[in-house]
Structures are given as C-alpha cells and as structure tokens.
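Coordinates from model37.cif are shown below (mmCIF, C-alpha atoms and all ligand atoms).
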data_coords
#
loop_
_atom_site.label_atom_id
_atom_site.label_comp_id
_atom_site.auth_asym_id
_atom_site.auth_seq_id
_atom_site.Cartn_x
_atom_site.Cartn_y
_atom_site.Cartn_z
CA MET A 576 -14.53 -26.07 -14.93
CA ASP A 577 -12.72 -22.96 -16.20
CA LYS A 578 -8.97 -22.95 -15.64
CA THR A 579 -7.65 -20.03 -13.58
CA ALA A 580 -4.15 -18.58 -13.77
CA LYS A 581 -1.74 -19.06 -10.86
CA ILE A 582 0.50 -16.14 -11.87
CA ARG A 583 -0.69 -12.52 -11.56
CA LEU A 584 1.01 -9.58 -13.22
CA TYR A 585 0.47 -5.84 -13.23
CA VAL A 586 0.46 -4.19 -16.68
CA ASP A 587 -0.07 -0.60 -17.84
CA ALA A 588 -2.16 -1.54 -20.88
CA ASP A 589 -5.96 -1.39 -21.01
CA LEU A 590 -7.65 -4.76 -20.41
CA GLY A 591 -10.83 -6.03 -22.12
CA THR A 592 -12.17 -8.95 -24.12
CA GLY A 593 -9.81 -9.85 -26.98
CA GLN A 594 -7.28 -7.18 -25.95
CA ALA A 595 -3.69 -8.19 -26.82
CA VAL A 596 -1.16 -7.16 -24.17
CA ALA A 597 2.59 -7.09 -24.76
CA MET A 598 4.80 -8.06 -21.81
CA SER A 599 7.86 -6.09 -20.76
CA ARG A 600 11.22 -7.84 -21.19
CA GLU A 601 11.38 -8.57 -17.43
CA GLN A 602 7.88 -10.04 -17.44
CA ALA A 603 8.67 -12.20 -20.47
CA HIS A 604 11.82 -13.46 -18.76
CA TYR A 605 9.82 -14.26 -15.63
CA LEU A 606 7.02 -16.06 -17.49
CA PHE A 607 9.08 -18.07 -19.94
CA GLY A 608 12.60 -18.16 -18.42
CA VAL A 609 11.71 -18.60 -14.73
CA MET A 610 8.19 -20.03 -14.64
CA ARG A 611 8.61 -21.97 -17.92
CA LEU A 612 5.14 -21.15 -19.25
CA GLU A 613 4.28 -22.07 -22.80
CA LYS A 614 1.86 -20.89 -25.47
CA GLY A 615 -1.73 -21.48 -24.28
CA ALA A 616 -0.94 -20.95 -20.57
CA LEU A 617 -3.15 -18.57 -18.58
CA VAL A 618 -1.89 -15.54 -16.65
CA ALA A 619 -4.00 -13.14 -14.57
CA LEU A 620 -3.46 -9.48 -15.50
CA PHE A 621 -4.58 -6.30 -13.72
CA ASN A 622 -3.83 -2.64 -14.33
CA GLY A 623 -5.43 -0.90 -11.34
CA ARG A 624 -8.39 0.25 -13.51
CA ASP A 625 -10.12 -2.65 -15.29
CA GLY A 626 -10.20 -5.39 -12.63
CA GLU A 627 -8.42 -8.71 -13.12
CA TRP A 628 -8.44 -10.58 -16.45
CA GLN A 629 -7.53 -14.13 -17.41
CA ALA A 630 -5.21 -13.85 -20.39
CA GLU A 631 -3.77 -16.56 -22.62
CA VAL A 632 -0.20 -16.62 -23.86
CA ILE A 633 -0.39 -16.28 -27.66
CA VAL A 634 3.24 -15.38 -28.36
CA ALA A 635 5.76 -17.06 -26.06
CA ASN A 636 8.99 -15.48 -27.05
CA LYS A 637 11.37 -13.94 -24.51
CA ARG A 638 11.66 -10.80 -26.64
CA ASN A 639 8.14 -10.51 -27.93
CA ALA A 640 5.68 -12.00 -25.49
CA VAL A 641 1.97 -11.30 -26.00
CA LEU A 642 -1.09 -12.35 -24.01
CA GLU A 643 -4.74 -12.12 -25.06
CA CYS A 644 -7.46 -11.27 -22.51
CA HIS A 645 -10.32 -13.78 -22.35
CA ARG A 646 -12.58 -12.93 -19.43
CA GLN A 647 -12.69 -10.71 -16.39
CA SER A 648 -12.09 -12.80 -13.27
CA LYS A 649 -12.48 -9.98 -10.70
CA PRO A 650 -14.02 -6.53 -10.89
CA LEU A 651 -11.96 -3.53 -9.78
CA GLN A 652 -12.08 -3.44 -5.97
CA MET A 653 -11.17 -0.03 -4.61
CA PRO A 654 -9.70 0.04 -1.09
CA PRO A 655 -11.32 2.26 1.56
CA ASP A 656 -10.39 5.95 1.37
CA LEU A 657 -7.42 5.61 3.72
CA TRP A 658 -4.14 7.49 3.52
CA PHE A 659 -1.24 5.91 5.35
CA LEU A 660 1.39 8.40 6.58
CA PHE A 661 4.66 7.19 8.07
CA ALA A 662 8.14 8.51 8.78
CA PRO A 663 10.68 6.49 6.74
CA ILE A 664 13.13 4.48 8.82
CA LYS A 665 15.89 2.08 7.70
CA LYS A 666 15.60 0.86 4.11
CA ALA A 667 14.48 -2.73 4.74
CA ARG A 668 11.94 -1.67 7.36
CA THR A 669 10.60 1.11 5.14
CA ASP A 670 10.18 -1.45 2.34
CA PHE A 671 8.30 -3.68 4.78
CA ILE A 672 6.00 -0.82 5.84
CA VAL A 673 5.11 0.01 2.23
CA GLU A 674 4.51 -3.64 1.36
CA LYS A 675 2.28 -4.17 4.40
CA ALA A 676 0.34 -0.92 3.91
CA ALA A 677 -0.45 -2.01 0.33
CA GLU A 678 -1.51 -5.51 1.45
CA MET A 679 -3.60 -4.13 4.31
CA GLY A 680 -5.57 -1.91 1.94
CA ALA A 681 -4.24 1.64 2.16
CA ALA A 682 -5.37 3.70 -0.83
CA ARG A 683 -2.41 6.09 -0.69
CA ILE A 684 0.97 5.69 1.01
CA MET A 685 2.64 8.92 2.09
CA PRO A 686 6.17 9.04 3.54
CA VAL A 687 6.53 12.12 5.75
CA GLN A 688 9.57 13.83 7.21
CA THR A 689 9.05 14.51 10.91
CA ALA A 690 11.35 16.34 13.35
CA PHE A 691 13.12 13.09 14.33
CA THR A 692 13.08 11.29 10.97
CA GLN A 693 16.54 9.86 10.30
CA SER A 694 16.28 7.91 7.09
CA GLU A 695 18.69 7.29 4.28
CA ARG A 696 17.69 8.82 0.97
CA MET A 697 14.25 7.59 0.01
CA ARG A 698 13.55 6.47 -3.57
CA GLN A 699 9.89 6.88 -4.41
CA ASP A 700 10.14 4.67 -7.54
CA ARG A 701 11.50 1.73 -5.49
CA LEU A 702 8.75 2.10 -2.92
CA GLN A 703 6.11 2.31 -5.66
CA ALA A 704 7.49 -0.94 -7.13
CA HIS A 705 7.12 -2.58 -3.69
CA ALA A 706 3.47 -1.48 -3.51
CA LEU A 707 2.89 -2.92 -6.98
CA GLU A 708 4.49 -6.26 -6.11
CA ALA A 709 2.41 -6.41 -2.94
CA ALA A 710 -0.76 -5.89 -5.00
CA GLU A 711 0.36 -8.65 -7.42
CA GLN A 712 0.85 -11.18 -4.65
CA CYS A 713 -2.15 -10.34 -2.42
CA GLY A 714 -4.76 -10.54 -5.18
CA GLY A 715 -5.50 -6.82 -5.13
CA THR A 716 -6.81 -5.16 -8.27
CA TYR A 717 -5.74 -1.67 -7.16
CA VAL A 718 -2.21 -0.32 -6.66
CA PRO A 719 -1.87 2.39 -4.00
CA GLU A 720 0.06 5.48 -5.05
CA VAL A 721 3.27 6.07 -3.06
CA THR A 722 3.88 9.81 -2.86
CA ASP A 723 7.22 11.62 -2.64
CA LEU A 724 8.63 12.37 0.79
CA ALA A 725 6.97 15.53 2.15
CA LYS A 726 7.48 17.49 5.35
CA LEU A 727 4.88 16.59 7.98
CA ASP A 728 4.41 20.31 8.80
CA LYS A 729 3.46 21.05 5.20
CA VAL A 730 1.16 18.03 4.92
CA LEU A 731 -0.66 19.12 8.10
CA ALA A 732 -0.87 22.74 6.91
CA ASP A 733 -2.71 21.55 3.77
CA TRP A 734 -4.82 18.95 5.59
CA PRO A 735 -8.31 18.46 4.06
CA ALA A 736 -11.04 19.48 6.52
CA ASP A 737 -13.14 16.36 5.88
CA ARG A 738 -10.35 13.79 6.50
CA GLN A 739 -9.99 12.39 10.02
CA LEU A 740 -6.57 11.34 11.24
CA LEU A 741 -5.62 8.51 13.56
CA PHE A 742 -2.50 9.77 15.31
CA CYS A 743 -0.58 6.82 16.79
CA ASP A 744 0.71 8.60 19.86
CA GLU A 745 3.49 6.87 21.79
CA THR A 746 2.88 9.14 24.80
CA ARG A 747 -0.19 6.93 25.36
CA VAL A 748 1.89 3.74 25.70
CA GLY A 749 0.58 1.80 28.67
CA GLN A 750 -3.03 2.71 28.04
CA ALA A 751 -5.36 0.06 26.67
CA ALA A 752 -5.38 -0.05 22.88
CA SER A 753 -7.97 2.46 21.65
CA ASP A 754 -11.42 1.27 20.59
CA LEU A 755 -12.21 2.80 17.21
CA SER A 756 -15.71 1.38 16.86
CA GLN A 757 -17.45 4.64 17.87
CA LEU A 758 -15.65 6.76 15.26
CA SER A 759 -17.46 7.81 12.11
CA ARG A 760 -16.68 6.46 8.65
CA GLY A 761 -15.47 8.62 5.76
CA PRO A 762 -12.06 9.73 4.50
CA TRP A 763 -9.36 8.77 7.00
CA ALA A 764 -5.60 8.71 7.48
CA ILE A 765 -3.21 6.95 9.88
CA LEU A 766 0.04 8.53 11.08
CA ILE A 767 2.98 6.54 12.50
CA GLY A 768 6.14 8.21 13.82
CA PRO A 769 9.84 7.34 13.43
CA GLU A 770 12.09 5.39 15.81
CA GLY A 771 12.63 8.55 17.87
CA GLY A 772 8.90 9.23 18.11
CA PHE A 773 7.25 12.62 17.61
CA SER A 774 8.64 15.88 19.00
CA ALA A 775 6.71 17.61 21.79
CA ALA A 776 5.72 20.35 19.32
CA GLU A 777 4.39 17.78 16.82
CA VAL A 778 2.36 16.04 19.53
CA GLU A 779 0.92 19.37 20.67
CA ARG A 780 0.05 20.45 17.14
CA LEU A 781 -1.55 17.13 16.22
CA ARG A 782 -3.62 16.96 19.40
CA ALA A 783 -4.92 20.49 18.78
CA MET A 784 -6.05 19.81 15.21
CA ALA A 785 -9.74 19.21 14.47
CA GLY A 786 -10.47 15.67 13.27
CA VAL A 787 -7.30 14.22 14.83
CA HIS A 788 -7.73 11.27 17.21
CA SER A 789 -4.71 10.52 19.39
CA ILE A 790 -4.69 6.76 20.04
CA SER A 791 -2.82 4.09 21.95
CA LEU A 792 -1.68 0.82 20.37
CA GLY A 793 -1.50 -0.88 23.75
CA PRO A 794 0.86 -1.35 26.67
CA ARG A 795 4.15 -1.84 24.79
CA ILE A 796 6.23 0.48 22.59
CA LEU A 797 6.01 -1.04 19.13
CA ARG A 798 8.64 -0.59 16.45
CA ALA A 799 7.35 1.66 13.70
CA ASP A 800 6.87 -1.27 11.28
CA THR A 801 4.94 -3.25 13.90
CA ALA A 802 2.89 -0.17 14.81
CA ALA A 803 2.01 0.28 11.13
CA VAL A 804 0.48 -3.18 10.83
CA ALA A 805 -1.25 -2.92 14.25
CA ALA A 806 -2.83 0.46 13.42
CA LEU A 807 -3.96 -0.67 9.96
CA ALA A 808 -5.57 -3.79 11.47
CA LEU A 809 -7.39 -1.80 14.18
CA TRP A 810 -8.66 0.71 11.61
CA GLN A 811 -9.67 -1.89 9.01
CA ARG A 812 -11.57 -3.90 11.64
CA ALA A 813 -13.53 -0.88 12.92
CA LEU A 814 -13.89 1.43 9.93
CA GLY A 815 -12.55 -0.20 6.78
CA ASP A 816 -13.37 -3.09 4.46
CA TRP A 817 -12.77 -5.89 6.97
CA VAL A 818 -16.30 -5.38 8.24
N1 LIG A 901 10.94 6.55 20.70
C1 LIG A 901 9.56 6.48 21.07
C2 LIG A 901 9.41 6.27 22.58
O1 LIG A 901 10.36 5.75 23.17
O2 LIG A 901 8.35 6.59 23.10
C3 LIG A 901 8.87 5.30 20.36
C4 LIG A 901 8.64 5.47 18.90
S1 LIG A 901 7.91 4.02 18.19
C5 LIG A 901 9.31 3.03 17.96
C6 LIG A 901 7.51 4.50 16.55
C7 LIG A 901 6.07 4.95 16.35
O3 LIG A 901 5.19 3.85 16.51
C8 LIG A 901 5.55 6.00 17.30
O4 LIG A 901 5.92 7.30 16.92
C9 LIG A 901 4.05 5.79 17.23
O5 LIG A 901 3.49 6.43 16.11
C10 LIG A 901 3.96 4.29 17.06
N2 LIG A 901 3.75 3.54 18.32
C11 LIG A 901 4.53 2.56 18.81
N3 LIG A 901 4.00 2.02 19.92
C12 LIG A 901 2.84 2.69 20.15
C13 LIG A 901 1.82 2.58 21.14
N4 LIG A 901 1.86 1.66 22.10
N5 LIG A 901 0.76 3.43 21.07
C14 LIG A 901 0.68 4.36 20.07
N6 LIG A 901 1.61 4.48 19.10
C15 LIG A 901 2.68 3.66 19.12
#
Please go through the file and, once you have read it, give me the structure as structure tokens.
Ligand code: SAM
Amino acid sequence: MDKTAKIRLYVDADLGTGQAVAMSREQAHYLFGVMRLEKGALVALFNGRDGEWQAEVIVANKRNAVLECHRQSKPLQMPPDLWFLFAPIKKARTDFIVEKAAEMGAARIMPVQTAFTQSERMRQDRLQAHALEAAEQCGGTYVPEVTDLAKLDKVLADWPADRQLLFCDETRVGQAASDLSQLSRGPWAILIGPEGGFSAAEVERLRAMAGVHSISLGPRILRADTAAVAALALWQRALGDWV
C-alpha cells in the first residue's frame, strides 16, 4: 500500500509531478527541528490551486530544505460560494471565528465594522495566517481569503444583486432556530454582529434589503463566536457542501 504523509503544509509554489518545492526557513525548522523528519519522508503539500500532493524530502537541511512532488492525493476542492461577514471582537475570539469559518468551509472571510464594533486594531495578515493554518489542519485544499476590515455600510452599498444574505438577527432571540431548507442555492453570505449587537438602523436597513433573510439561531443569545459556528452549520447543512 502507498504510504501517505501525516504532515500537511501550505506552499506558494506550483505543484505537479516531479516539481521540486523549496521550504521556507520556518517550514524547514518545523519539519526537521520539531518533527525530526529525514530524507525520504513524505509530506503532503497544497497551494490552494493544484490540490494536495504527496512530496518526498530530497534535501533535509534546515537552511535548504527541498521536497519533490510524487502524486496528487486530492484534487482541488472548492468550498461553496459563501462569504462570511462578522464584526471583529476581542483578539482571541476573532482568531477563533476566522479559524472556524475556514474549517467550516467559508470561501471568503470578511471582517466588517458595524455601529457597535469595539475591537482592538485588526491585523489582516495575522487573520489570513490563521485561515491558512486551519486549512492545513482540516485537510482543506483551498485557503479562504481574509479581506481587510471594511465598513458594513459600504459593503452593503456595494452588495451584489445575486448574492443572498443570512442576517443573524438577535432581535429574533426566543424564536425557534430558522429552517433554511426552503431557501434557494447560489451565492450566499452570512452576517454575525458584535457583542453589542446591531444598531436599530442597521437592523432596519438589512431587513429592507432584497435577498436578505433575517434569521433566529434559537432561544438563547449566543456569543458572536458561538453564533458564527451555529450559523455556518445551519447553512452548510441546508445549502452548502454538507448535503
Ligand atoms: N447584545 C446583543 C443582545 O443582547 O441582543 C447580542 C449580540 S450577540 C452576543 C452577537 C451576534 O450573534 C448578534 O449580533 C447576532 O448576529 C448573533 N446572535 C447571537 N444569538 C443569536 C440568536 N439567538 N439569533 C440570531 N442571531 C444571534
């Protein structure tokens, strides 16, 4: 039986049969300093474009580590066309939201500034690195893009006409969790508010927009990070790639 690598790494380089791929210094340290791999070991590589490849270590040197691609072990699997919009909260919880959104199969992760958003400065590059690590560990072959923080008003002003939006609306707390099974498939987005919730003006605007579905996530007020996972699970089960 073919051996399969236990370690997965994201790389920028193109992947294909016989392709030699140089590791970054951090990756080389991880492979040979931390995981103690040796020449001949297999590592799974993906780049978000060419699927996953089994690659053999051909140069095992902490400064000059090179792997050679042997065979494709997974094709590229694109996630459903789902944007995940959320208002950043405290750093650790924002990190959690990005990690979970990537694992749960969001195609694009979009932090938005709402009226009551009270976050510390948000670093897009850190959040992108979290999405990448999440893809490495969950077996994904695609890395969702994390966009820069944008004002919710502006995002809604430019909203594409064909994209439906699941608005997680805390004013519906107490209602049964919404059933999404009757909604139509296609491009979608999910929006989760900050700890302070949405302003009355935001709720009014969202409810008035075409293609926006105001939904309940059940009888209790969920923290934003919990609400993120709950909404992604409901959507994936009804309209995404869990079915
Ligand atoms: N401060 C708000 C309040 O007391 O009503 C709660 C905000 S909640 C912590 C953060 C976000 O999670 C909300 O803006 C909403 O998007 C979502 N959320 C939490 N529980 C929800 C529920 N039961 N139904 C719909 N959305 C919910």
Check your understanding: Pick from A:Val787, A:Leu809, A:Ile664, A:Val687: nearest to Glu770 in chain A, with only C-alpha atoms counted?
Key ->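 Under the stated criterion, the closest residue is A:Ile664.
Closest to ligand LIG 901 (chain A) among A:Val596, A:Ile790, A:Val804, A:Val718 is A:Ile790, based on only C-alpha atoms and all ligand atoms.
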**Study point:** Given only C-alpha atoms and all ligand atoms as the counted atoms, nearest of A:Arg624, A:His788, A:His645, A:Arg683 to ligand LIG 901 (chain A)
**Key:** A:His788
**Study point:** All residues 8 Å or closer to Ala616 in chain A, all atoms listed in the file, same chain fewer than 5 positions away omitted, as a PyMOL selection string
**Key:** chain A and resi 580+631-632
Contact table chain A vs ligand LIG 901 (chain A), cut-off 6 Å, shortest pair per residue, only C-alpha atoms and all ligand atoms, as CSV:
residue,atom,partner,partner_atom,distance
A:Cys743,CA,A:LIG901,N6,4.0
A:Asp744,CA,A:LIG901,C14,4.2
A:Glu745,CA,A:LIG901,N6,4.1
A:Arg747,CA,A:LIG901,N5,5.6
A:Val748,CA,A:LIG901,N4,4.2
A:Ile767,CA,A:LIG901,O5,3.6
A:Gly768,CA,A:LIG901,O4,3.2
A:Pro769,CA,A:LIG901,C6,4.8
A:Glu770,CA,A:LIG901,C5,4.2
A:Gly771,CA,A:LIG901,N1,3.9
A:Gly772,CA,A:LIG901,O4,3.7
A:Phe773,CA,A:LIG901,O4,5.5
A:Ile790,CA,A:LIG901,C14,5.9
A:Ser791,CA,A:LIG901,N5,3.7
A:Leu792,CA,A:LIG901,N5,3.6
A:Gly793,CA,A:LIG901,N4,4.5
A:Pro794,CA,A:LIG901,N4,5.6
A:Arg795,CA,A:LIG901,N4,5.0
A:Ile796,CA,A:LIG901,N3,3.8
A:Leu797,CA,A:LIG901,N3,3.7
A:Arg798,CA,A:LIG901,C5,4.0
A:Ala799,CA,A:LIG901,C6,4.0
A:Ala802,CA,A:LIG901,O3,4.9
For range 749-765 of chain A, supply N, CA, C and O atoms and report the output as a short mmCIF file (atom, residue, chain, number, x, y, z; two decimals), in the frame of the given file.
data_model
loop_
_atom_site.label_atom_id
_atom_site.label_comp_id
_atom_site.auth_asym_id
_atom_site.auth_seq_id
_atom_site.Cartn_x
_atom_site.Cartn_y
_atom_site.Cartn_z
N GLY A 749 0.99 2.21 27.32
CA GLY A 749 0.58 1.80 28.67
C GLY A 749 -0.92 1.84 28.81
O GLY A 749 -1.50 1.11 29.61
N GLN A 750 -1.56 2.70 28.02
CA GLN A 750 -3.03 2.71 28.04
C GLN A 750 -3.53 1.52 27.22
O GLN A 750 -2.82 1.00 26.35
N ALA A 751 -4.77 1.12 27.48
CA ALA A 751 -5.36 0.06 26.67
C ALA A 751 -5.40 0.52 25.22
O ALA A 751 -5.53 1.72 24.95
N ALA A 752 -5.29 -0.42 24.30
CA ALA A 752 -5.38 -0.05 22.88
C ALA A 752 -6.73 0.61 22.63
O ALA A 752 -7.75 0.18 23.17
N SER A 753 -6.74 1.68 21.84
CA SER A 753 -7.97 2.46 21.65
C SER A 753 -9.03 1.65 20.90
O SER A 753 -8.70 0.86 20.01
N ASP A 754 -10.28 1.89 21.27
CA ASP A 754 -11.42 1.27 20.59
C ASP A 754 -11.91 2.26 19.53
O ASP A 754 -12.30 3.38 19.87
N LEU A 755 -11.86 1.86 18.28
CA LEU A 755 -12.21 2.80 17.21
C LEU A 755 -13.66 2.64 16.75
O LEU A 755 -14.08 3.32 15.82
N SER A 756 -14.39 1.74 17.41
CA SER A 756 -15.71 1.38 16.86
C SER A 756 -16.73 2.52 16.91
O SER A 756 -17.70 2.50 16.18
N GLN A 757 -16.48 3.53 17.78
CA GLN A 757 -17.45 4.64 17.87
C GLN A 757 -17.13 5.77 16.89
O GLN A 757 -17.88 6.75 16.80
N LEU A 758 -16.02 5.68 16.19
CA LEU A 758 -15.65 6.76 15.26
C LEU A 758 -16.47 6.66 13.99
O LEU A 758 -16.96 5.59 13.62
N SER A 759 -16.60 7.80 13.31
CA SER A 759 -17.46 7.81 12.11
C SER A 759 -16.65 7.42 10.87
O SER A 759 -15.44 7.69 10.78
N ARG A 760 -17.33 6.84 9.92
CA ARG A 760 -16.68 6.46 8.65
C ARG A 760 -16.49 7.68 7.77
O ARG A 760 -17.03 8.74 8.05
N GLY A 761 -15.74 7.50 6.68
CA GLY A 761 -15.47 8.62 5.76
C GLY A 761 -14.00 8.59 5.40
O GLY A 761 -13.32 7.59 5.62
N PRO A 762 -13.49 9.69 4.84
CA PRO A 762 -12.06 9.73 4.50
C PRO A 762 -11.22 9.74 5.78
O PRO A 762 -11.51 10.49 6.71
N TRP A 763 -10.19 8.91 5.81
CA TRP A 763 -9.36 8.77 7.00
C TRP A 763 -7.89 8.75 6.62
O TRP A 763 -7.52 8.55 5.45
N ALA A 764 -7.04 8.91 7.64
CA ALA A 764 -5.60 8.71 7.48
C ALA A 764 -5.06 8.14 8.79
O ALA A 764 -5.70 8.30 9.85
N ILE A 765 -3.92 7.47 8.69
CA ILE A 765 -3.21 6.95 9.88
C ILE A 765 -1.82 7.57 9.85
O ILE A 765 -1.22 7.68 8.77
#
